[in-house]
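The next block is protein15.txt, given as compact mmCIF, N, CA and C atoms.
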# COMPACT_ATOMS: atom_id res chain seq x y z
N MET A 29 -51.62 -101.74 67.30
CA MET A 29 -50.19 -101.76 67.58
C MET A 29 -49.57 -100.48 67.01
N SER A 30 -48.79 -99.79 67.83
CA SER A 30 -48.15 -98.56 67.38
C SER A 30 -47.00 -98.86 66.42
N LYS A 31 -46.58 -97.83 65.71
CA LYS A 31 -45.43 -98.00 64.79
C LYS A 31 -44.19 -98.43 65.57
N PHE A 32 -44.02 -97.88 66.77
CA PHE A 32 -42.87 -98.26 67.59
C PHE A 32 -42.94 -99.75 67.94
N ASP A 33 -44.12 -100.22 68.36
CA ASP A 33 -44.28 -101.64 68.70
C ASP A 33 -44.03 -102.54 67.49
N GLU A 34 -44.46 -102.08 66.33
CA GLU A 34 -44.22 -102.85 65.10
C GLU A 34 -42.72 -102.94 64.82
N ALA A 35 -42.02 -101.82 64.99
CA ALA A 35 -40.57 -101.81 64.77
C ALA A 35 -39.89 -102.75 65.76
N MET A 36 -40.29 -102.69 67.03
CA MET A 36 -39.70 -103.57 68.05
C MET A 36 -39.95 -105.03 67.70
N ALA A 37 -41.15 -105.35 67.25
CA ALA A 37 -41.47 -106.73 66.87
C ALA A 37 -40.56 -107.19 65.73
N THR A 38 -40.30 -106.30 64.79
CA THR A 38 -39.40 -106.60 63.67
C THR A 38 -37.99 -106.88 64.19
N TYR A 39 -37.49 -106.04 65.09
CA TYR A 39 -36.14 -106.20 65.61
C TYR A 39 -36.00 -107.48 66.43
N LEU A 40 -37.01 -107.77 67.23
CA LEU A 40 -36.96 -108.99 68.05
C LEU A 40 -37.03 -110.24 67.17
N ALA A 41 -37.84 -110.19 66.11
CA ALA A 41 -37.93 -111.32 65.19
C ALA A 41 -36.60 -111.53 64.47
N GLU A 42 -35.96 -110.43 64.07
CA GLU A 42 -34.66 -110.52 63.39
C GLU A 42 -33.60 -111.09 64.32
N ALA A 43 -33.61 -110.65 65.58
CA ALA A 43 -32.65 -111.15 66.56
C ALA A 43 -32.85 -112.65 66.76
N LYS A 44 -34.11 -113.07 66.86
CA LYS A 44 -34.41 -114.49 67.05
C LYS A 44 -33.95 -115.30 65.84
N LYS A 45 -34.21 -114.77 64.64
CA LYS A 45 -33.80 -115.45 63.40
C LYS A 45 -32.28 -115.64 63.35
N LEU A 46 -31.55 -114.64 63.88
CA LEU A 46 -30.09 -114.69 63.88
C LEU A 46 -29.52 -115.46 65.08
N GLY A 47 -30.39 -115.90 65.97
CA GLY A 47 -29.94 -116.64 67.15
C GLY A 47 -29.32 -115.77 68.22
N LEU A 48 -29.71 -114.49 68.25
CA LEU A 48 -29.19 -113.56 69.25
C LEU A 48 -30.17 -113.46 70.41
N SER A 49 -29.66 -113.58 71.61
CA SER A 49 -30.53 -113.33 72.76
C SER A 49 -30.35 -111.87 73.15
N VAL A 50 -31.46 -111.17 73.33
CA VAL A 50 -31.39 -109.74 73.61
C VAL A 50 -32.09 -109.39 74.91
N ASP A 51 -31.58 -108.37 75.54
CA ASP A 51 -32.21 -107.77 76.71
C ASP A 51 -33.24 -106.80 76.14
N GLU A 52 -34.50 -107.21 76.17
CA GLU A 52 -35.55 -106.43 75.51
C GLU A 52 -35.67 -105.02 76.07
N ALA A 53 -35.50 -104.87 77.38
CA ALA A 53 -35.61 -103.54 78.00
C ALA A 53 -34.51 -102.61 77.47
N LEU A 54 -33.30 -103.12 77.33
CA LEU A 54 -32.21 -102.30 76.80
C LEU A 54 -32.44 -101.99 75.33
N LEU A 55 -32.92 -102.97 74.57
CA LEU A 55 -33.20 -102.74 73.15
C LEU A 55 -34.25 -101.64 73.00
N VAL A 56 -35.26 -101.63 73.85
CA VAL A 56 -36.29 -100.58 73.80
C VAL A 56 -35.64 -99.22 74.05
N LYS A 57 -34.76 -99.12 75.03
CA LYS A 57 -34.11 -97.85 75.34
C LYS A 57 -33.23 -97.36 74.18
N VAL A 58 -32.46 -98.29 73.61
CA VAL A 58 -31.60 -97.92 72.48
C VAL A 58 -32.46 -97.47 71.30
N THR A 59 -33.53 -98.21 71.04
CA THR A 59 -34.42 -97.89 69.92
C THR A 59 -35.07 -96.52 70.11
N LYS A 60 -35.56 -96.23 71.32
CA LYS A 60 -36.16 -94.93 71.59
C LYS A 60 -35.13 -93.81 71.40
N GLY A 61 -33.88 -94.09 71.72
CA GLY A 61 -32.82 -93.11 71.56
C GLY A 61 -32.55 -92.75 70.10
N LEU A 62 -32.98 -93.60 69.19
CA LEU A 62 -32.76 -93.35 67.77
C LEU A 62 -33.82 -92.41 67.18
N GLY A 63 -34.89 -92.19 67.93
CA GLY A 63 -35.93 -91.26 67.48
C GLY A 63 -36.60 -91.69 66.20
N PRO A 64 -36.99 -90.72 65.38
CA PRO A 64 -37.75 -91.02 64.16
C PRO A 64 -36.96 -91.74 63.07
N SER A 65 -35.66 -91.87 63.22
CA SER A 65 -34.87 -92.53 62.18
C SER A 65 -35.28 -93.99 61.98
N ILE A 66 -35.90 -94.60 63.00
CA ILE A 66 -36.29 -96.01 62.86
C ILE A 66 -37.47 -96.20 61.93
N TYR A 67 -38.17 -95.12 61.59
CA TYR A 67 -39.36 -95.22 60.74
C TYR A 67 -39.05 -94.97 59.27
N ASN A 68 -37.84 -94.57 58.95
CA ASN A 68 -37.43 -94.31 57.58
C ASN A 68 -36.70 -95.55 57.05
N ALA A 69 -37.12 -96.03 55.89
CA ALA A 69 -36.56 -97.27 55.34
C ALA A 69 -35.03 -97.21 55.20
N ASP A 70 -34.51 -96.05 54.80
CA ASP A 70 -33.07 -95.92 54.60
C ASP A 70 -32.32 -95.78 55.92
N SER A 71 -32.76 -94.86 56.76
CA SER A 71 -32.02 -94.61 58.00
C SER A 71 -32.24 -95.66 59.07
N SER A 72 -33.21 -96.54 58.87
CA SER A 72 -33.46 -97.58 59.88
C SER A 72 -32.46 -98.73 59.80
N LYS A 73 -31.64 -98.73 58.75
CA LYS A 73 -30.65 -99.79 58.56
C LYS A 73 -29.26 -99.20 58.40
N VAL A 74 -28.27 -100.01 58.75
CA VAL A 74 -26.88 -99.61 58.61
C VAL A 74 -26.31 -100.32 57.38
N SER A 75 -25.70 -99.57 56.50
CA SER A 75 -25.06 -100.14 55.31
C SER A 75 -23.61 -100.45 55.65
N SER A 76 -23.34 -101.71 55.92
CA SER A 76 -21.99 -102.08 56.34
C SER A 76 -21.00 -102.09 55.18
N SER A 77 -21.49 -101.97 53.95
CA SER A 77 -20.59 -101.93 52.81
C SER A 77 -20.15 -100.50 52.49
N ASP A 78 -20.69 -99.52 53.22
CA ASP A 78 -20.36 -98.12 52.99
C ASP A 78 -19.42 -97.63 54.10
N PRO A 79 -18.14 -97.44 53.78
CA PRO A 79 -17.18 -97.00 54.79
C PRO A 79 -17.58 -95.68 55.47
N GLN A 80 -18.22 -94.77 54.73
CA GLN A 80 -18.65 -93.50 55.31
C GLN A 80 -19.74 -93.73 56.35
N GLU A 81 -20.63 -94.66 56.08
CA GLU A 81 -21.70 -94.98 57.04
C GLU A 81 -21.10 -95.54 58.33
N LEU A 82 -20.14 -96.43 58.20
CA LEU A 82 -19.51 -97.02 59.38
C LEU A 82 -18.72 -95.97 60.16
N GLU A 83 -18.13 -95.02 59.46
CA GLU A 83 -17.41 -93.93 60.13
C GLU A 83 -18.40 -93.04 60.90
N ARG A 84 -19.59 -92.82 60.32
CA ARG A 84 -20.62 -92.05 61.02
C ARG A 84 -21.08 -92.77 62.28
N VAL A 85 -21.24 -94.08 62.20
CA VAL A 85 -21.62 -94.87 63.37
C VAL A 85 -20.56 -94.70 64.45
N LYS A 86 -19.31 -94.79 64.03
CA LYS A 86 -18.19 -94.66 64.97
C LYS A 86 -18.17 -93.28 65.62
N GLN A 87 -18.23 -92.22 64.80
CA GLN A 87 -18.13 -90.85 65.31
C GLN A 87 -19.35 -90.43 66.11
N ASN A 88 -20.54 -90.65 65.54
CA ASN A 88 -21.76 -90.12 66.14
C ASN A 88 -22.32 -90.99 67.26
N PHE A 89 -22.11 -92.28 67.19
CA PHE A 89 -22.67 -93.14 68.23
C PHE A 89 -21.62 -93.56 69.26
N LEU A 90 -20.58 -94.20 68.79
CA LEU A 90 -19.59 -94.74 69.73
C LEU A 90 -18.83 -93.64 70.47
N ILE A 91 -18.43 -92.60 69.75
CA ILE A 91 -17.62 -91.56 70.38
C ILE A 91 -18.51 -90.50 71.05
N LYS A 92 -19.47 -89.94 70.30
CA LYS A 92 -20.29 -88.85 70.86
C LYS A 92 -21.32 -89.38 71.86
N LYS A 93 -22.10 -90.38 71.48
CA LYS A 93 -23.18 -90.84 72.36
C LYS A 93 -22.65 -91.68 73.53
N LEU A 94 -21.80 -92.67 73.23
CA LEU A 94 -21.33 -93.55 74.29
C LEU A 94 -20.10 -93.02 75.01
N GLY A 95 -19.44 -92.01 74.44
CA GLY A 95 -18.29 -91.40 75.10
C GLY A 95 -17.03 -92.24 75.09
N LEU A 96 -16.88 -93.07 74.08
CA LEU A 96 -15.69 -93.92 73.99
C LEU A 96 -14.53 -93.16 73.34
N PRO A 97 -13.30 -93.50 73.71
CA PRO A 97 -12.14 -92.86 73.08
C PRO A 97 -11.97 -93.38 71.64
N ASP A 98 -11.49 -92.52 70.78
CA ASP A 98 -11.29 -92.88 69.37
C ASP A 98 -10.02 -93.71 69.24
N ASP A 99 -10.18 -95.02 69.20
CA ASP A 99 -9.03 -95.90 68.98
C ASP A 99 -9.44 -97.08 68.11
N ASP A 100 -8.50 -97.97 67.84
CA ASP A 100 -8.75 -99.09 66.92
C ASP A 100 -9.79 -100.07 67.43
N SER A 101 -10.04 -100.09 68.73
CA SER A 101 -11.02 -101.03 69.27
C SER A 101 -12.42 -100.73 68.75
N LEU A 102 -12.69 -99.48 68.41
CA LEU A 102 -14.02 -99.13 67.90
C LEU A 102 -14.29 -99.81 66.57
N ASN A 103 -13.30 -99.82 65.69
CA ASN A 103 -13.46 -100.51 64.41
C ASN A 103 -13.64 -102.01 64.62
N ALA A 104 -12.96 -102.56 65.62
CA ALA A 104 -13.10 -103.98 65.92
C ALA A 104 -14.50 -104.29 66.42
N HIS A 105 -15.06 -103.40 67.24
CA HIS A 105 -16.43 -103.60 67.73
C HIS A 105 -17.43 -103.55 66.56
N ILE A 106 -17.25 -102.59 65.68
CA ILE A 106 -18.14 -102.47 64.52
C ILE A 106 -18.04 -103.73 63.66
N GLU A 107 -16.83 -104.19 63.42
CA GLU A 107 -16.61 -105.40 62.61
C GLU A 107 -17.28 -106.61 63.26
N LYS A 108 -17.18 -106.71 64.57
CA LYS A 108 -17.80 -107.82 65.31
C LYS A 108 -19.31 -107.81 65.12
N VAL A 109 -19.91 -106.63 65.22
CA VAL A 109 -21.37 -106.51 65.07
C VAL A 109 -21.79 -106.82 63.64
N VAL A 110 -21.04 -106.36 62.66
CA VAL A 110 -21.35 -106.67 61.26
C VAL A 110 -21.36 -108.19 61.09
N ASN A 111 -20.40 -108.88 61.66
CA ASN A 111 -20.34 -110.34 61.55
C ASN A 111 -21.49 -111.01 62.31
N GLN A 112 -21.85 -110.46 63.47
CA GLN A 112 -22.96 -111.03 64.23
C GLN A 112 -24.27 -110.93 63.45
N LEU A 113 -24.48 -109.82 62.78
CA LEU A 113 -25.71 -109.63 62.03
C LEU A 113 -25.66 -110.29 60.66
N GLY A 114 -24.48 -110.71 60.24
CA GLY A 114 -24.32 -111.37 58.95
C GLY A 114 -23.90 -110.38 57.89
N ARG A 115 -22.68 -110.53 57.43
CA ARG A 115 -22.12 -109.58 56.46
C ARG A 115 -23.03 -109.42 55.24
N SER A 116 -23.63 -110.50 54.76
CA SER A 116 -24.47 -110.42 53.57
C SER A 116 -25.94 -110.16 53.89
N ASN A 117 -26.27 -110.04 55.17
CA ASN A 117 -27.64 -109.77 55.59
C ASN A 117 -28.00 -108.32 55.25
N PRO A 118 -29.01 -108.09 54.40
CA PRO A 118 -29.37 -106.71 54.06
C PRO A 118 -30.14 -105.99 55.18
N ASN A 119 -30.60 -106.75 56.16
CA ASN A 119 -31.41 -106.17 57.24
C ASN A 119 -30.59 -105.94 58.50
N LYS A 120 -29.60 -105.07 58.40
CA LYS A 120 -28.82 -104.69 59.58
C LYS A 120 -29.53 -103.48 60.20
N TYR A 121 -30.57 -103.79 60.96
CA TYR A 121 -31.37 -102.72 61.57
C TYR A 121 -30.51 -101.90 62.52
N ARG A 122 -30.61 -100.58 62.39
CA ARG A 122 -29.80 -99.67 63.20
C ARG A 122 -30.00 -99.92 64.69
N ALA A 123 -31.24 -100.16 65.11
CA ALA A 123 -31.52 -100.40 66.53
C ALA A 123 -30.77 -101.62 67.04
N LEU A 124 -30.81 -102.71 66.28
CA LEU A 124 -30.07 -103.92 66.68
C LEU A 124 -28.57 -103.70 66.60
N PHE A 125 -28.13 -103.02 65.57
CA PHE A 125 -26.71 -102.73 65.38
C PHE A 125 -26.18 -101.95 66.59
N TYR A 126 -26.88 -100.88 66.96
CA TYR A 126 -26.45 -100.05 68.09
C TYR A 126 -26.58 -100.81 69.40
N TYR A 127 -27.63 -101.59 69.54
CA TYR A 127 -27.80 -102.41 70.76
C TYR A 127 -26.59 -103.33 70.94
N LEU A 128 -26.18 -104.00 69.86
CA LEU A 128 -25.04 -104.91 69.94
C LEU A 128 -23.75 -104.15 70.24
N LEU A 129 -23.62 -102.94 69.73
CA LEU A 129 -22.45 -102.12 70.04
C LEU A 129 -22.44 -101.73 71.53
N VAL A 130 -23.60 -101.40 72.06
CA VAL A 130 -23.69 -101.06 73.49
C VAL A 130 -23.26 -102.27 74.32
N LYS A 131 -23.74 -103.44 73.97
CA LYS A 131 -23.38 -104.66 74.70
C LYS A 131 -21.90 -104.97 74.54
N ALA A 132 -21.37 -104.83 73.33
CA ALA A 132 -19.97 -105.16 73.06
C ALA A 132 -19.02 -104.24 73.80
N THR A 133 -19.43 -102.99 74.00
CA THR A 133 -18.55 -102.02 74.65
C THR A 133 -18.82 -101.91 76.16
N GLY A 134 -19.85 -102.59 76.64
CA GLY A 134 -20.17 -102.55 78.05
C GLY A 134 -20.70 -101.20 78.51
N LYS A 135 -21.35 -100.47 77.61
CA LYS A 135 -21.83 -99.13 77.94
C LYS A 135 -23.35 -99.09 78.20
N GLU A 136 -23.88 -100.17 78.77
CA GLU A 136 -25.30 -100.22 79.08
C GLU A 136 -25.71 -99.09 80.02
N SER A 137 -24.78 -98.62 80.83
CA SER A 137 -25.08 -97.57 81.81
C SER A 137 -25.49 -96.25 81.16
N VAL A 138 -25.14 -96.05 79.88
CA VAL A 138 -25.53 -94.83 79.17
C VAL A 138 -27.06 -94.78 79.05
N TYR A 139 -27.67 -95.95 78.99
CA TYR A 139 -29.12 -96.03 78.86
C TYR A 139 -29.77 -96.34 80.18

How would this structure read if it were set down as structure tokens?
Amino acid sequence: MSKFDEAMATYLAEAKKLGLSVDEALLVKVTKGLGPSIYNADSSKVSSSDPQELERVKQNFLIKKLGLPDDDSLNAHIEKVVNQLGRSNPNKYRALFYYLLVKATGKESVY
């Protein structure tokens, strides 16, 4: 099993544990878009308690990658995803986090 397949298995298991149904094909595309960051223990997760990290997600992913306008709805989408993954859950995997943001914003067409 490749490192990518192992990472995908981890993300799918986490989604199942949280009761989230995921479009596996879209999750694969989002995960591949993250490149090597998924293999680093620190960068593979989103720290929802760090306002700077959430601002980076907003600026670099929602605005730059997905092409969304910078407005208050972006913070609401991020907050929704944090709650979906569990505020106290330490395993907010970036791939799942971004996947849920893509679904929440309806930007599946980017992938």

Proximity of region 47-88 of chain A to region 98-115 of chain A: per-residue shortest pair, 8 Å limit, only N, CA and C atoms, as a tab-separated table:
residue	atom	partner	partner_atom	distance
A:Ser76	CA	A:Val110	CA	6.8
A:Ser77	N	A:Arg115	C	7.7
A:Leu82	CA	A:Ile106	CA	7.6
A:Lys86	CA	A:Leu102	C	6.7

Residues just named, written with N, CA and C atoms as a PDB file, keeping the file's coordinate frame:
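Written file, out-v3.pdb:
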ATOM      1  N   SER A  76     -23.340-101.710  55.920  1.00  0.00           N
ATOM      2  CA  SER A  76     -21.990-102.080  56.340  1.00  0.00           C
ATOM      3  C   SER A  76     -21.000-102.090  55.180  1.00  0.00           C
ATOM      4  N   SER A  77     -21.490-101.970  53.950  1.00  0.00           N
ATOM      5  CA  SER A  77     -20.590-101.930  52.810  1.00  0.00           C
ATOM      6  C   SER A  77     -20.150-100.500  52.490  1.00  0.00           C
ATOM      7  N   LEU A  82     -20.140 -96.430  58.200  1.00  0.00           N
ATOM      8  CA  LEU A  82     -19.510 -97.020  59.380  1.00  0.00           C
ATOM      9  C   LEU A  82     -18.720 -95.970  60.160  1.00  0.00           C
ATOM     10  N   LYS A  86     -19.310 -94.790  64.030  1.00  0.00           N
ATOM     11  CA  LYS A  86     -18.190 -94.660  64.970  1.00  0.00           C
ATOM     12  C   LYS A  86     -18.170 -93.280  65.620  1.00  0.00           C
TER      13      LYS A  86
END

Pick the closest to Leu90 (chain A) from A:Leu129, A:Val58, A:Ala69, A:Met36: which is it, counting all atoms listed in the file?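 Smallest distance to Leu90 (chain A) is found for A:Leu129.
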
Excluding same-chain residues fewer than 3 positions from Leu54 (chain A), what lies within 8 Å of it counting all atoms listed in the file, as a PDB file with N, CA and C atoms, in the coordinates of the input?
ATOM      1  N   VAL A  50     -31.460-111.170  73.330  1.00  0.00           N
ATOM      2  CA  VAL A  50     -31.390-109.740  73.610  1.00  0.00           C
ATOM      3  C   VAL A  50     -32.090-109.390  74.910  1.00  0.00           C
ATOM      4  N   ASP A  51     -31.580-108.370  75.540  1.00  0.00           N
ATOM      5  CA  ASP A  51     -32.210-107.770  76.710  1.00  0.00           C
ATOM      6  C   ASP A  51     -33.240-106.800  76.140  1.00  0.00           C
ATOM      7  N   LYS A  57     -34.760 -99.120  75.030  1.00  0.00           N
ATOM      8  CA  LYS A  57     -34.110 -97.850  75.340  1.00  0.00           C
ATOM      9  C   LYS A  57     -33.230 -97.360  74.180  1.00  0.00           C
ATOM     10  N   VAL A  58     -32.460 -98.290  73.610  1.00  0.00           N
ATOM     11  CA  VAL A  58     -31.600 -97.920  72.480  1.00  0.00           C
ATOM     12  C   VAL A  58     -32.460 -97.470  71.300  1.00  0.00           C
ATOM     13  N   THR A  59     -33.530 -98.210  71.040  1.00  0.00           N
ATOM     14  CA  THR A  59     -34.420 -97.890  69.920  1.00  0.00           C
ATOM     15  C   THR A  59     -35.070 -96.520  70.110  1.00  0.00           C
ATOM     16  N   LYS A  60     -35.560 -96.230  71.320  1.00  0.00           N
ATOM     17  CA  LYS A  60     -36.160 -94.930  71.590  1.00  0.00           C
ATOM     18  C   LYS A  60     -35.130 -93.810  71.400  1.00  0.00           C
ATOM     19  N   TYR A 127     -27.630-101.590  69.540  1.00  0.00           N
ATOM     20  CA  TYR A 127     -27.800-102.410  70.760  1.00  0.00           C
ATOM     21  C   TYR A 127     -26.590-103.330  70.940  1.00  0.00           C
ATOM     22  N   GLU A 136     -23.880-100.170  78.770  1.00  0.00           N
ATOM     23  CA  GLU A 136     -25.300-100.220  79.080  1.00  0.00           C
ATOM     24  C   GLU A 136     -25.710 -99.090  80.020  1.00  0.00           C
ATOM     25  N   TYR A 139     -27.670 -95.950  78.990  1.00  0.00           N
ATOM     26  CA  TYR A 139     -29.120 -96.030  78.860  1.00  0.00           C
ATOM     27  C   TYR A 139     -29.770 -96.340  80.180  1.00  0.00           C
TER      28      TYR A 139
END

Give me the residues near Ser71 (chain A) as number ranges by chain, where near means some atom within 8 Å (using all atoms listed in the file) and where sequence neighbours in that chain fewer than 4 positions away do not count. A: 64-67, 121-123

Would you list, as a PyMOL selection string, the residues of region 33-128 of chain A that end up in alpha helix (DSSP H) under DSSP run on this structure's backbone? chain A and resi 33-45+52-61+79-84+100-113+122-128

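For the residues A:Lys44, A:Met29, A:Phe125, A:Gly61, ranking by smallest atom-to-atom distance to Lys93 (chain A) using only C-alpha atoms places A:Gly61 first.
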
Name the residues within 8 Å of (-22.4, -96.4, 73.1), counting all atoms listed in the file in the file's coordinates, and put them as a list in words.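 Residues with an atom at most 8 Å from (-22.4, -96.4, 73.1): Asn88, Phe89, Leu90, Ile91, Lys92, Lys93, Leu94, Gly95, Leu96, Tyr126, Leu129, Val130, Lys131, Thr133, Gly134, Lys135, Glu136, Val138 and Tyr139 of chain A.
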
One decimal, Å: what's the distance from atom N of Glu34 (chain A) over to atom C of Leu55 (chain A), could you say?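 Result for atom N of Glu34 (chain A) versus atom C of Leu55 (chain A): 12.2 Å, one decimal.
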